[in-house]
Amino acid sequence: MNASPDTGKPPLGELIGRLSALHQKRIDLGLERMHRLLERLGHPERKLPPVIHIAGTNGKGSTLAYLRATLEAAGLRVHAYTSPYLVRINECFRLGRVGGGVLVGDDELRAALEEVERVNAGEPATLFELKTAAAFHLFAQNPADVVLLEVGLGGRLDSTNVIDAPAACVITPVSMDHMDFLGSTLASIAGEKAAIIKRGVPVICAEQMPEAMAVIEAQARRMRAPLFAANESWHVNVERGRLVYSDDRGLMDLPAPRLFGRHQFANAGLAIATLRAIPTFKVNQAAFEAGIVGAEWPARMQRLTSGELLSWGPQGSDIWLDGGHNAEGGRVAAAALGDLEERVSRPLVVIAGMMANKDAQGFLANFAGLTRHIIAVPIPDTENAMPADRLADAARSLGMRVEPAPGIEAALRALAKLAYEVPPRILITGSLYLAGHVLAINGTPPA
């Protein structure tokens, strides 16, 4: 394995591989190992600037992107911890800087991970736990004004749930996902998410299904946490293509979000409500406007406007990338495609690859009314990826025309050989792991 040219040290991949081998399970929810790690690190989680903790099933990353862009537009330095990464592990760690945050560099990240590895002393720990401990270590060492902290999985036993007194707790829409870890009902999943709520800390909540909302409301009451719920404490409407936000402090007429899809209006509204619920943050309308139009979050209805993939598919085609992987994620992507179809009509082809533990039929059913052409692909170099033929069977059960392909390039080149009167619109979707692979081979990784 080649050494890094700037330091002579092995690349990060070798270190990540070593850390990944410390626990036989990739996911093992629990806080005992995390508390042990943080104690040995000198409790960096207690030395952080105000933390906004974000849980939910869908929309966490987009909501965080609006928060970050808005806070940075207000002149604040913003640390951010997100997961999973798409191409490089550095994407998980954004360090706040005056004028805008930056992804952590290889050397700084290596030093943090090696320090976590040293104090862990070879004991069992998941990679996510080690990464999260490294994030707290990095954030405590670098001055900033706020930390945006995204839950990895669930909430109650997630490694991020060690912050005793965050500035705010945010809950994005809750839906069915990760049932093997979080429970088989919407109420049980909502209970895991709502467990990030801390005593007396404001809770800002997106619109929820009634079953989930009842659980969140009950937990907020138990913790005596003020609850700011969508359609009750605050409202978002779309008027003449603009975002109109209102709460008891007044109304703001704002531009449409840069991120595409009608669901992004709700995500942006959740970010606005969060910042207005924290009295210590002074954010004016100009910063909200800049944040909404400036937020970036790759692989969420992202149009690929450059890169290798454009040369493989039909000439003039529209290629979109979305990491949605559950039924609700499929629903919002399909709604976004419906909006695109109303603007410019094109035949739609969906190229899908999914993980084996996902509900392929529930996800693909969202596209049944939009296209009959599905291409099923495997996700390369990914453990527990769904075989393409199994995904194809799920599509066939919905009456969709489907064919497997060995990969993204093969799928696009096959489409390029078909005769289209109008160049097609192509959506590549089904998994963030697939999305990361696409951005890597396209030569357009997140910056």
# chains A, B, ... in the order shown; residues from 1 in each chain; ligands from 1
>>> select_by_dssp(residues="segment 72-197 of chain A", states="strand (DSSP E)", output="VMD selection string")
chain A and resid 78 to 81 93 to 95 102 to 103 146 to 150 168 to 171
>>> write_last_selection(atoms="all heavy atoms", output="short mmCIF file (atom, residue, chain, number, x, y, z; two decimals), in the first residue's frame")
data_model
loop_
_atom_site.label_atom_id
_atom_site.label_comp_id
_atom_site.auth_asym_id
_atom_site.auth_seq_id
_atom_site.Cartn_x
_atom_site.Cartn_y
_atom_site.Cartn_z
N VAL A 78 -19.06 26.74 12.31
CA VAL A 78 -19.95 25.59 12.52
C VAL A 78 -19.20 24.28 12.32
O VAL A 78 -18.73 23.98 11.22
CB VAL A 78 -21.16 25.65 11.55
CG1 VAL A 78 -22.12 24.51 11.87
CG2 VAL A 78 -21.86 27.00 11.64
N HIS A 79 -19.08 23.49 13.39
CA HIS A 79 -18.63 22.10 13.26
C HIS A 79 -19.84 21.24 12.86
O HIS A 79 -20.96 21.50 13.31
CB HIS A 79 -18.10 21.56 14.59
CG HIS A 79 -16.82 22.18 15.06
ND1 HIS A 79 -15.85 22.65 14.21
CD2 HIS A 79 -16.33 22.35 16.33
CE1 HIS A 79 -14.83 23.11 14.91
NE2 HIS A 79 -15.09 22.95 16.20
N ALA A 80 -19.62 20.20 12.07
CA ALA A 80 -20.71 19.29 11.70
C ALA A 80 -20.20 17.86 11.61
O ALA A 80 -19.13 17.60 11.04
CB ALA A 80 -21.32 19.71 10.36
N TYR A 81 -20.99 16.95 12.20
CA TYR A 81 -20.69 15.52 12.15
C TYR A 81 -21.87 14.82 11.50
O TYR A 81 -23.01 14.92 11.98
CB TYR A 81 -20.45 14.98 13.55
CG TYR A 81 -20.14 13.49 13.60
CD1 TYR A 81 -19.06 12.96 12.91
CD2 TYR A 81 -20.94 12.62 14.34
CE1 TYR A 81 -18.77 11.60 12.96
CE2 TYR A 81 -20.65 11.26 14.41
CZ TYR A 81 -19.58 10.75 13.70
OH TYR A 81 -19.29 9.41 13.76
N PHE A 93 -16.70 14.78 8.88
CA PHE A 93 -16.16 15.74 9.85
C PHE A 93 -15.94 17.08 9.17
O PHE A 93 -15.02 17.23 8.37
CB PHE A 93 -14.82 15.26 10.41
CG PHE A 93 -14.80 13.82 10.86
CD1 PHE A 93 -14.56 12.79 9.95
CD2 PHE A 93 -14.98 13.48 12.20
CE1 PHE A 93 -14.52 11.47 10.35
CE2 PHE A 93 -14.93 12.16 12.60
CZ PHE A 93 -14.72 11.15 11.69
N ARG A 94 -16.76 18.05 9.49
CA ARG A 94 -16.57 19.41 8.94
C ARG A 94 -16.19 20.32 10.10
O ARG A 94 -16.91 20.40 11.10
CB ARG A 94 -17.83 19.90 8.24
CG ARG A 94 -17.65 21.25 7.55
CD ARG A 94 -18.89 21.63 6.76
NE ARG A 94 -19.02 20.82 5.57
CZ ARG A 94 -18.48 21.10 4.40
NH1 ARG A 94 -17.74 22.19 4.25
NH2 ARG A 94 -18.68 20.33 3.36
N LEU A 95 -15.09 21.01 9.95
CA LEU A 95 -14.59 21.90 11.00
C LEU A 95 -14.97 23.34 10.70
O LEU A 95 -14.80 23.82 9.57
CB LEU A 95 -13.06 21.79 11.10
CG LEU A 95 -12.52 20.39 11.45
CD1 LEU A 95 -10.99 20.42 11.50
CD2 LEU A 95 -13.08 19.91 12.79
N VAL A 102 -14.69 23.61 6.62
CA VAL A 102 -13.90 22.80 5.69
C VAL A 102 -13.92 21.35 6.16
O VAL A 102 -14.02 21.07 7.36
CB VAL A 102 -12.43 23.28 5.61
CG1 VAL A 102 -12.36 24.68 5.03
CG2 VAL A 102 -11.76 23.24 6.97
N LEU A 103 -13.85 20.42 5.23
CA LEU A 103 -13.70 19.02 5.60
C LEU A 103 -12.34 18.83 6.26
O LEU A 103 -11.35 19.43 5.84
CB LEU A 103 -13.81 18.11 4.37
CG LEU A 103 -15.15 18.09 3.62
CD1 LEU A 103 -15.12 17.04 2.53
CD2 LEU A 103 -16.32 17.86 4.56
N VAL A 146 -20.84 26.60 17.22
CA VAL A 146 -21.95 25.64 17.30
C VAL A 146 -21.50 24.32 16.69
O VAL A 146 -20.64 24.29 15.80
CB VAL A 146 -23.21 26.19 16.59
CG1 VAL A 146 -22.94 26.45 15.12
CG2 VAL A 146 -24.41 25.26 16.75
N VAL A 147 -22.07 23.23 17.19
CA VAL A 147 -21.85 21.89 16.64
C VAL A 147 -23.19 21.35 16.13
O VAL A 147 -24.18 21.36 16.86
CB VAL A 147 -21.29 20.91 17.69
CG1 VAL A 147 -21.25 19.49 17.13
CG2 VAL A 147 -19.90 21.34 18.14
N LEU A 148 -23.22 20.89 14.89
CA LEU A 148 -24.37 20.19 14.33
C LEU A 148 -24.06 18.70 14.36
O LEU A 148 -23.10 18.25 13.74
CB LEU A 148 -24.65 20.65 12.90
CG LEU A 148 -24.89 22.16 12.73
CD1 LEU A 148 -25.11 22.50 11.27
CD2 LEU A 148 -26.07 22.63 13.58
N LEU A 149 -24.88 17.95 15.09
CA LEU A 149 -24.58 16.54 15.39
C LEU A 149 -25.71 15.66 14.89
O LEU A 149 -26.82 15.69 15.41
CB LEU A 149 -24.39 16.39 16.91
CG LEU A 149 -23.98 15.03 17.45
CD1 LEU A 149 -22.61 14.63 16.93
CD2 LEU A 149 -23.98 15.07 18.98
N GLU A 150 -25.42 14.88 13.85
CA GLU A 150 -26.44 14.00 13.26
C GLU A 150 -26.37 12.61 13.88
O GLU A 150 -25.30 12.00 13.95
CB GLU A 150 -26.24 13.89 11.75
CG GLU A 150 -27.27 13.02 11.07
CD GLU A 150 -26.95 12.73 9.61
OE1 GLU A 150 -25.98 13.29 9.08
OE2 GLU A 150 -27.68 11.91 9.01
N ALA A 168 -30.51 22.34 21.38
CA ALA A 168 -31.81 21.97 20.81
C ALA A 168 -31.74 20.53 20.33
O ALA A 168 -30.68 20.02 19.98
CB ALA A 168 -32.18 22.89 19.64
N CYS A 169 -32.90 19.88 20.33
CA CYS A 169 -33.05 18.54 19.76
C CYS A 169 -34.02 18.65 18.58
O CYS A 169 -35.10 19.24 18.72
CB CYS A 169 -33.59 17.56 20.79
SG CYS A 169 -32.50 17.33 22.22
N VAL A 170 -33.64 18.10 17.45
CA VAL A 170 -34.43 18.21 16.22
C VAL A 170 -34.84 16.81 15.79
O VAL A 170 -34.00 15.89 15.78
CB VAL A 170 -33.60 18.88 15.11
CG1 VAL A 170 -34.43 19.02 13.83
CG2 VAL A 170 -33.10 20.24 15.57
N ILE A 171 -36.11 16.65 15.42
CA ILE A 171 -36.59 15.34 14.94
C ILE A 171 -37.22 15.54 13.57
O ILE A 171 -38.26 16.19 13.43
CB ILE A 171 -37.57 14.70 15.93
CG1 ILE A 171 -36.89 14.53 17.30
CG2 ILE A 171 -38.04 13.34 15.39
CD1 ILE A 171 -37.78 13.90 18.35
#
>>> residues_around(residues="Asn142 of chain A", least_positions_apart="2", cutoff="9 Å", atoms="only C-alpha atoms", output="JSON, numbers by chain")
{"A": [79, 95, 96, 137, 138, 139, 140, 144]}
>>> atom_distance(atom1="atom CA of Ile189 of chain A", atom2="atom CA of Ser431 of chain A")
20.3 Å
>>> residues_around(residues="Leu130 of chain A", least_positions_apart="6", cutoff="8 Å", atoms="only C-alpha atoms", output="ChimeraX atom specification")
/A:19,113,116-117
>>> closest_residue(among="A:Ala21, A:Met386, A:Val438, A:Ala295", to="Thr126 of chain A", atoms="only C-alpha atoms")
A:Ala21
>>> residues_around(residues="Ala405 of chain A", least_positions_apart="3", cutoff="10 Å", atoms="only C-alpha atoms", output="number ranges by chain")
A: 351, 375-378, 388-389, 392, 402, 408-412, 414
